[in-house]
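File shown: coords-v1.txt (compact mmCIF, N, CA and C atoms).
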# COMPACT_ATOMS: atom_id res chain seq x y z
N MET A 522 12.31 16.39 12.85
CA MET A 522 12.58 15.04 12.40
C MET A 522 11.75 14.77 11.13
N ARG A 523 12.42 14.53 10.04
CA ARG A 523 11.77 14.25 8.76
C ARG A 523 11.08 12.89 8.79
N LEU A 524 10.07 12.74 7.98
CA LEU A 524 9.38 11.46 7.86
C LEU A 524 10.12 10.60 6.85
N SER A 525 10.46 9.39 7.25
CA SER A 525 11.03 8.43 6.30
C SER A 525 10.05 7.27 6.16
N LEU A 526 9.98 6.74 4.95
CA LEU A 526 9.05 5.66 4.64
C LEU A 526 9.84 4.49 4.06
N GLU A 527 9.71 3.35 4.70
CA GLU A 527 10.39 2.14 4.23
C GLU A 527 9.31 1.13 3.84
N THR A 528 9.34 0.70 2.60
CA THR A 528 8.28 -0.16 2.07
C THR A 528 8.83 -1.55 1.78
N ARG A 529 8.03 -2.56 2.13
CA ARG A 529 8.39 -3.93 1.79
C ARG A 529 7.13 -4.73 1.54
N GLU A 530 7.29 -5.82 0.82
CA GLU A 530 6.17 -6.69 0.48
C GLU A 530 6.17 -7.92 1.38
N VAL A 531 4.98 -8.28 1.86
CA VAL A 531 4.80 -9.52 2.60
C VAL A 531 3.65 -10.23 1.88
N GLY A 532 4.00 -11.11 0.95
CA GLY A 532 2.97 -11.72 0.11
C GLY A 532 2.30 -10.65 -0.73
N ARG A 533 0.98 -10.56 -0.65
CA ARG A 533 0.25 -9.54 -1.42
C ARG A 533 0.01 -8.26 -0.62
N VAL A 534 0.59 -8.20 0.58
CA VAL A 534 0.42 -7.03 1.45
C VAL A 534 1.67 -6.16 1.40
N THR A 535 1.47 -4.85 1.31
CA THR A 535 2.56 -3.89 1.32
C THR A 535 2.61 -3.23 2.68
N VAL A 536 3.76 -3.30 3.33
CA VAL A 536 3.94 -2.69 4.65
C VAL A 536 4.79 -1.43 4.47
N VAL A 537 4.26 -0.30 4.95
CA VAL A 537 4.99 0.96 4.91
C VAL A 537 5.34 1.32 6.35
N ARG A 538 6.61 1.25 6.65
CA ARG A 538 7.09 1.58 8.00
C ARG A 538 7.41 3.07 8.04
N CYS A 539 6.66 3.80 8.85
CA CYS A 539 6.81 5.25 8.96
C CYS A 539 7.70 5.57 10.16
N ASN A 540 8.65 6.48 9.95
CA ASN A 540 9.56 6.88 11.02
C ASN A 540 9.69 8.40 11.00
N GLY A 541 9.33 9.04 12.09
CA GLY A 541 9.42 10.49 12.17
C GLY A 541 8.10 11.10 12.59
N ARG A 542 7.73 12.19 11.93
CA ARG A 542 6.49 12.89 12.25
C ARG A 542 5.63 12.99 11.00
N ILE A 543 4.32 12.82 11.17
CA ILE A 543 3.38 13.01 10.07
C ILE A 543 2.68 14.33 10.35
N VAL A 544 3.24 15.39 9.77
CA VAL A 544 2.77 16.74 10.06
C VAL A 544 2.58 17.52 8.76
N SER A 545 1.97 18.68 8.87
CA SER A 545 1.71 19.55 7.74
C SER A 545 2.99 19.83 6.95
N GLY A 546 2.85 19.86 5.65
CA GLY A 546 4.00 20.19 4.80
C GLY A 546 4.54 18.99 4.08
N ASP A 547 5.87 18.95 3.95
CA ASP A 547 6.53 17.90 3.17
C ASP A 547 6.24 16.50 3.69
N GLU A 548 6.13 16.35 5.02
CA GLU A 548 5.90 15.02 5.59
C GLU A 548 4.55 14.46 5.16
N SER A 549 3.49 15.25 5.31
CA SER A 549 2.16 14.79 4.89
C SER A 549 2.12 14.53 3.39
N GLU A 550 2.73 15.42 2.62
CA GLU A 550 2.76 15.25 1.17
C GLU A 550 3.54 14.00 0.78
N SER A 551 4.61 13.73 1.49
CA SER A 551 5.40 12.53 1.22
C SER A 551 4.57 11.26 1.42
N LEU A 552 3.82 11.19 2.52
CA LEU A 552 2.98 10.02 2.78
C LEU A 552 1.88 9.91 1.73
N ARG A 553 1.22 11.03 1.42
CA ARG A 553 0.13 11.02 0.44
C ARG A 553 0.63 10.54 -0.92
N SER A 554 1.74 11.08 -1.38
CA SER A 554 2.24 10.71 -2.71
C SER A 554 2.76 9.27 -2.72
N HIS A 555 3.32 8.80 -1.61
CA HIS A 555 3.80 7.42 -1.54
C HIS A 555 2.64 6.43 -1.65
N VAL A 556 1.57 6.69 -0.91
CA VAL A 556 0.39 5.81 -1.00
C VAL A 556 -0.20 5.87 -2.40
N ALA A 557 -0.28 7.06 -3.00
CA ALA A 557 -0.81 7.18 -4.37
C ALA A 557 0.04 6.37 -5.34
N TRP A 558 1.37 6.41 -5.17
CA TRP A 558 2.27 5.64 -6.03
C TRP A 558 2.03 4.14 -5.84
N LEU A 559 1.86 3.69 -4.59
CA LEU A 559 1.61 2.28 -4.32
C LEU A 559 0.32 1.79 -4.99
N LEU A 560 -0.66 2.68 -5.09
CA LEU A 560 -1.96 2.29 -5.64
C LEU A 560 -1.92 1.97 -7.13
N HIS A 561 -0.80 2.20 -7.78
CA HIS A 561 -0.70 1.82 -9.19
C HIS A 561 -0.85 0.31 -9.36
N ASP A 562 -0.35 -0.46 -8.37
CA ASP A 562 -0.45 -1.92 -8.52
C ASP A 562 -0.64 -2.68 -7.20
N ARG A 563 -0.94 -1.95 -6.13
CA ARG A 563 -1.13 -2.61 -4.83
C ARG A 563 -2.44 -2.16 -4.21
N ARG A 564 -3.09 -3.06 -3.46
CA ARG A 564 -4.38 -2.72 -2.85
C ARG A 564 -4.47 -3.06 -1.38
N ALA A 565 -3.48 -3.79 -0.85
CA ALA A 565 -3.47 -4.18 0.57
C ALA A 565 -2.27 -3.49 1.22
N ILE A 566 -2.55 -2.44 2.01
CA ILE A 566 -1.48 -1.62 2.57
C ILE A 566 -1.60 -1.55 4.10
N VAL A 567 -0.48 -1.71 4.77
CA VAL A 567 -0.40 -1.56 6.22
C VAL A 567 0.55 -0.40 6.50
N LEU A 568 0.08 0.57 7.28
CA LEU A 568 0.94 1.64 7.77
C LEU A 568 1.42 1.26 9.17
N HIS A 569 2.71 1.00 9.29
CA HIS A 569 3.32 0.67 10.57
C HIS A 569 3.73 1.99 11.21
N LEU A 570 3.06 2.37 12.31
CA LEU A 570 3.27 3.68 12.92
C LEU A 570 4.10 3.64 14.20
N GLY A 571 4.72 2.52 14.50
CA GLY A 571 5.45 2.35 15.75
C GLY A 571 6.57 3.35 15.98
N GLU A 572 7.12 3.92 14.93
CA GLU A 572 8.23 4.86 15.08
C GLU A 572 7.82 6.29 14.73
N VAL A 573 6.50 6.55 14.79
CA VAL A 573 6.00 7.90 14.52
C VAL A 573 5.95 8.66 15.84
N ALA A 574 6.67 9.77 15.89
CA ALA A 574 6.77 10.55 17.12
C ALA A 574 5.58 11.47 17.33
N PHE A 575 4.96 11.93 16.24
CA PHE A 575 3.88 12.91 16.37
C PHE A 575 3.06 12.95 15.08
N VAL A 576 1.75 13.11 15.24
CA VAL A 576 0.85 13.30 14.10
C VAL A 576 0.00 14.52 14.40
N ASP A 577 0.02 15.53 13.50
CA ASP A 577 -0.83 16.70 13.70
C ASP A 577 -2.12 16.54 12.89
N SER A 578 -2.97 17.55 12.93
CA SER A 578 -4.27 17.46 12.25
C SER A 578 -4.11 17.27 10.75
N SER A 579 -3.11 17.88 10.17
CA SER A 579 -2.85 17.70 8.74
C SER A 579 -2.44 16.26 8.45
N GLY A 580 -1.63 15.71 9.33
CA GLY A 580 -1.22 14.31 9.19
C GLY A 580 -2.40 13.36 9.29
N LEU A 581 -3.31 13.64 10.24
CA LEU A 581 -4.53 12.82 10.36
C LEU A 581 -5.35 12.92 9.07
N GLY A 582 -5.46 14.14 8.55
CA GLY A 582 -6.21 14.34 7.31
C GLY A 582 -5.59 13.55 6.16
N THR A 583 -4.27 13.54 6.09
CA THR A 583 -3.57 12.79 5.06
C THR A 583 -3.84 11.30 5.21
N MET A 584 -3.84 10.81 6.43
CA MET A 584 -4.12 9.39 6.66
C MET A 584 -5.55 9.05 6.24
N VAL A 585 -6.51 9.92 6.56
CA VAL A 585 -7.91 9.68 6.18
C VAL A 585 -8.06 9.71 4.65
N ARG A 586 -7.43 10.70 4.00
CA ARG A 586 -7.51 10.78 2.54
C ARG A 586 -6.83 9.58 1.88
N SER A 587 -5.74 9.11 2.47
CA SER A 587 -5.07 7.92 1.93
C SER A 587 -5.97 6.70 2.04
N LEU A 588 -6.62 6.55 3.18
CA LEU A 588 -7.57 5.45 3.36
C LEU A 588 -8.68 5.52 2.32
N ALA A 589 -9.23 6.71 2.11
CA ALA A 589 -10.30 6.89 1.12
C ALA A 589 -9.80 6.54 -0.28
N SER A 590 -8.60 6.95 -0.63
CA SER A 590 -8.04 6.65 -1.95
C SER A 590 -7.88 5.15 -2.17
N VAL A 591 -7.36 4.47 -1.14
CA VAL A 591 -7.16 3.02 -1.24
C VAL A 591 -8.51 2.32 -1.39
N ARG A 592 -9.49 2.72 -0.61
CA ARG A 592 -10.81 2.08 -0.69
C ARG A 592 -11.50 2.37 -2.01
N GLN A 593 -11.29 3.55 -2.57
CA GLN A 593 -11.87 3.87 -3.89
C GLN A 593 -11.31 2.95 -4.97
N LYS A 594 -10.10 2.47 -4.77
CA LYS A 594 -9.47 1.54 -5.73
C LYS A 594 -9.79 0.09 -5.41
N GLY A 595 -10.66 -0.13 -4.42
CA GLY A 595 -11.07 -1.49 -4.07
C GLY A 595 -10.14 -2.18 -3.09
N GLY A 596 -9.29 -1.42 -2.44
CA GLY A 596 -8.35 -2.00 -1.48
C GLY A 596 -8.67 -1.61 -0.06
N ASP A 597 -7.70 -1.81 0.82
CA ASP A 597 -7.87 -1.39 2.21
C ASP A 597 -6.52 -1.01 2.77
N LEU A 598 -6.56 -0.16 3.78
CA LEU A 598 -5.37 0.31 4.47
C LEU A 598 -5.59 0.09 5.96
N LYS A 599 -4.65 -0.60 6.59
CA LYS A 599 -4.74 -0.89 8.01
C LYS A 599 -3.58 -0.22 8.73
N LEU A 600 -3.79 0.07 10.00
CA LEU A 600 -2.74 0.67 10.83
C LEU A 600 -2.25 -0.37 11.83
N CYS A 601 -0.96 -0.32 12.15
CA CYS A 601 -0.45 -1.20 13.21
C CYS A 601 0.57 -0.47 14.04
N ASN A 602 0.81 -1.00 15.24
CA ASN A 602 1.78 -0.46 16.19
C ASN A 602 1.56 1.03 16.41
N VAL A 603 0.30 1.41 16.58
CA VAL A 603 -0.04 2.83 16.75
C VAL A 603 0.41 3.27 18.14
N PRO A 604 1.29 4.29 18.21
CA PRO A 604 1.73 4.78 19.52
C PRO A 604 0.55 5.28 20.35
N GLU A 605 0.68 5.20 21.66
CA GLU A 605 -0.42 5.57 22.56
C GLU A 605 -0.91 6.98 22.32
N HIS A 606 -0.01 7.94 22.14
CA HIS A 606 -0.41 9.33 21.93
C HIS A 606 -1.22 9.48 20.64
N THR A 607 -0.85 8.75 19.59
CA THR A 607 -1.60 8.80 18.33
C THR A 607 -2.93 8.08 18.48
N HIS A 608 -2.94 6.98 19.21
CA HIS A 608 -4.19 6.24 19.44
C HIS A 608 -5.20 7.11 20.19
N ARG A 609 -4.72 7.89 21.17
CA ARG A 609 -5.61 8.79 21.91
C ARG A 609 -6.26 9.81 20.97
N VAL A 610 -5.46 10.36 20.06
CA VAL A 610 -5.99 11.34 19.10
C VAL A 610 -7.01 10.67 18.17
N LEU A 611 -6.71 9.48 17.71
CA LEU A 611 -7.66 8.74 16.86
C LEU A 611 -8.97 8.48 17.61
N THR A 612 -8.86 8.16 18.90
CA THR A 612 -10.05 7.91 19.71
C THR A 612 -10.86 9.19 19.92
N MET A 613 -10.18 10.29 20.27
CA MET A 613 -10.87 11.57 20.52
C MET A 613 -11.58 12.09 19.27
N THR A 614 -11.04 11.79 18.11
CA THR A 614 -11.64 12.27 16.85
C THR A 614 -12.55 11.23 16.21
N ASN A 615 -12.82 10.14 16.93
CA ASN A 615 -13.66 9.04 16.44
C ASN A 615 -13.13 8.38 15.18
N LEU A 616 -11.84 8.52 14.91
CA LEU A 616 -11.26 7.88 13.74
C LEU A 616 -10.95 6.42 13.96
N THR A 617 -11.04 5.96 15.22
CA THR A 617 -10.86 4.52 15.47
C THR A 617 -11.98 3.72 14.83
N ASN A 618 -13.12 4.38 14.58
CA ASN A 618 -14.23 3.71 13.88
C ASN A 618 -13.96 3.60 12.40
N LEU A 619 -13.08 4.43 11.88
CA LEU A 619 -12.78 4.45 10.44
C LEU A 619 -11.63 3.52 10.09
N PHE A 620 -10.58 3.55 10.91
CA PHE A 620 -9.38 2.76 10.65
C PHE A 620 -9.44 1.40 11.32
N ASP A 621 -8.94 0.40 10.61
CA ASP A 621 -8.76 -0.93 11.17
C ASP A 621 -7.36 -0.95 11.77
N THR A 622 -7.28 -0.90 13.11
CA THR A 622 -5.97 -0.83 13.78
C THR A 622 -5.63 -2.16 14.42
N HIS A 623 -4.34 -2.46 14.45
CA HIS A 623 -3.85 -3.73 15.00
C HIS A 623 -2.66 -3.48 15.91
N GLU A 624 -2.54 -4.33 16.92
CA GLU A 624 -1.44 -4.22 17.89
C GLU A 624 -0.09 -4.48 17.24
N SER A 625 -0.06 -5.40 16.26
CA SER A 625 1.22 -5.79 15.67
C SER A 625 1.12 -5.81 14.15
N GLU A 626 2.27 -5.77 13.52
CA GLU A 626 2.34 -5.87 12.06
C GLU A 626 1.81 -7.23 11.60
N GLU A 627 2.15 -8.26 12.31
CA GLU A 627 1.70 -9.61 11.95
C GLU A 627 0.18 -9.70 11.96
N SER A 628 -0.44 -9.11 12.96
CA SER A 628 -1.90 -9.12 13.06
C SER A 628 -2.54 -8.37 11.90
N ALA A 629 -1.97 -7.23 11.54
CA ALA A 629 -2.51 -6.44 10.43
C ALA A 629 -2.39 -7.19 9.12
N ILE A 630 -1.25 -7.82 8.89
CA ILE A 630 -1.04 -8.59 7.67
C ILE A 630 -2.01 -9.76 7.63
N SER A 631 -2.13 -10.48 8.75
CA SER A 631 -3.04 -11.63 8.82
C SER A 631 -4.47 -11.24 8.53
N ALA A 632 -4.86 -10.04 8.94
CA ALA A 632 -6.24 -9.59 8.73
C ALA A 632 -6.59 -9.54 7.24
N PHE A 633 -5.61 -9.30 6.39
CA PHE A 633 -5.87 -9.30 4.95
C PHE A 633 -6.11 -10.72 4.43
N TYR A 634 -5.52 -11.72 5.08
CA TYR A 634 -5.63 -13.10 4.63
C TYR A 634 -6.78 -13.85 5.29
N ASN A 635 -7.16 -13.47 6.53
CA ASN A 635 -8.12 -14.24 7.30
C ASN A 635 -9.57 -13.86 7.10
N ALA A 636 -9.82 -12.71 6.55
CA ALA A 636 -11.20 -12.27 6.37
C ALA A 636 -11.42 -11.89 4.92
N PRO A 637 -12.66 -12.02 4.45
CA PRO A 637 -12.94 -11.55 3.10
C PRO A 637 -12.57 -10.08 3.04
N SER A 638 -11.80 -9.71 2.04
CA SER A 638 -11.34 -8.33 1.97
C SER A 638 -11.71 -7.67 0.66
N ARG A 639 -11.51 -6.39 0.61
CA ARG A 639 -11.80 -5.60 -0.58
C ARG A 639 -10.80 -5.90 -1.68
N THR A 640 -9.68 -6.54 -1.35
CA THR A 640 -8.62 -6.75 -2.33
C THR A 640 -8.77 -8.07 -3.08
N GLU A 641 -9.71 -8.89 -2.70
CA GLU A 641 -9.86 -10.18 -3.37
C GLU A 641 -10.86 -10.10 -4.48
Since I need it in another form, could you write the structure as structure tokens?
Amino acid sequence: MRLSLETREVGRVTVVRCNGRIVSGDESESLRSHVAWLLHDRRAIVLHLGEVAFVDSSGLGTMVRSLASVRQKGGDLKLCNVPEHTHRVLTMTNLTNLFDTHESEESAISAFYNAPSRTE
């Protein structure tokens, strides 16, 4: 199952809805290059992972590098609708301490507006 990325704007927040698998190869590269492209003019990004079937170690690495890239540009990247299997992997690798995760897309978007953020 190929990774598809659907992007939309909600105010100053960009939501990227991921569907498929975030795994080594074209899928990880697709996500990395998409986030890099967004960083030309956007700094508040939400990755909606509700339709992600599987994330391998390369996919996790891509997500961490994407987060680092966004923060280097003064922005932030939040995760929402993280499937249970992916959340377990994030917990086992202590990446839950790195990522700001939210139960819903609305909560992730609100987090950019309700708290002082790197994008302001």
Near-stretch 559-576 of chain A list (8 Å; only C-alpha atoms; drop same-chain fewer than 3 positions) as a PyMOL selection string: chain A and resi 533-544+555-556+579-581+591+594-604+606-607+626+629-630+633+640
Would you be able to write out as a list in words which residues have an atom within 6 Å of (10.5, 14.0, 7.3) in the file's coordinates, counting all atoms listed in the file?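 Those residues, ordered by chain and then number, are Met522, Arg523, Leu524, Ser525, Arg542 and Glu548 of chain A.
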Restricted to N, CA and C atoms, what would the selected residues look like written as an mmCIF file, in the frame of the given file?
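Okay, this is what ended up in again.cif:
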data_model
loop_
_atom_site.group_PDB
_atom_site.id
_atom_site.type_symbol
_atom_site.label_atom_id
_atom_site.label_comp_id
_atom_site.auth_asym_id
_atom_site.auth_seq_id
_atom_site.Cartn_x
_atom_site.Cartn_y
_atom_site.Cartn_z
ATOM 1 N N MET A 522 12.310 16.390 12.850
ATOM 2 C CA MET A 522 12.580 15.040 12.400
ATOM 3 C C MET A 522 11.750 14.770 11.130
ATOM 4 N N ARG A 523 12.420 14.530 10.040
ATOM 5 C CA ARG A 523 11.770 14.250 8.760
ATOM 6 C C ARG A 523 11.080 12.890 8.790
ATOM 7 N N LEU A 524 10.070 12.740 7.980
ATOM 8 C CA LEU A 524 9.380 11.460 7.860
ATOM 9 C C LEU A 524 10.120 10.600 6.850
ATOM 10 N N SER A 525 10.460 9.390 7.250
ATOM 11 C CA SER A 525 11.030 8.430 6.300
ATOM 12 C C SER A 525 10.050 7.270 6.160
ATOM 13 N N ARG A 542 7.730 12.190 11.930
ATOM 14 C CA ARG A 542 6.490 12.890 12.250
ATOM 15 C C ARG A 542 5.630 12.990 11.000
ATOM 16 N N GLU A 548 6.130 16.350 5.020
ATOM 17 C CA GLU A 548 5.900 15.020 5.590
ATOM 18 C C GLU A 548 4.550 14.460 5.160
#
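For stretch 534-615 of chain A, a DSSP pass over the backbone yields strand (DSSP E) at Val534, Thr535, Val536, Val537, Arg538, Cys539, Asn540, Gly541, Arg542, Ile543, Ala565, Ile566, Val567, Leu568, His569, Leu570, Gly571, Glu572, Val573, Ala574, Phe575, Val576, Asp597, Leu598, Lys599, Leu600 and Cys601 of chain A.
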Could you pull the residues within 6.5 Å of stretch 583-587 of chain A, counting all atoms listed in the file, minus those fewer than 5 positions along the same chain, as number ranges by chain? A: 549, 553, 578, 592
What does the distance from atom CA of A:Leu552 to atom CA of A:Asp577 come to in Å, to one decimal?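 Those two atoms sit 13.4 Å apart.
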When distances are computed from all atoms listed in the file, which of A:Ala557, A:Val531, A:Ala632, A:Met613 shows the smallest separation from A:Ser590?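 Among the listed residues, A:Ala557 lies closest to A:Ser590.
Rounded to one decimal, atom CA of A:Glu605 and atom N of A:Gly546 lie 22.4 Å from each other.
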Taking all atoms of stretch 562-567 of chain A that the file lists, what box with edges along x, y and z, padded by 4 Å per side, do you get, with centre and edge lengths in Å to one decimal, as AutoDock Vina command-line options?
--center_x -2.0 --center_y -2.3 --center_z -1.0 --size_x 13.0 --size_y 11.8 --size_z 23.0
Separation of atom C of A:Tyr634 from atom CA of A:Thr612 in Å: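 About the pair atom CA of A:Thr612 and atom C of A:Tyr634: they are 26.3 Å apart.
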What are the DSSP alpha helix (DSSP H) residues of chain A, as a ChimeraX atom specification? /A:547-559,578-593,605-613,626-635
Nearest residue to A:Thr528 out of A:Asn635, A:Leu616, A:Thr622, A:Trp558, using only C-alpha atoms?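 Closest residue, counting only C-alpha atoms: A:Trp558.
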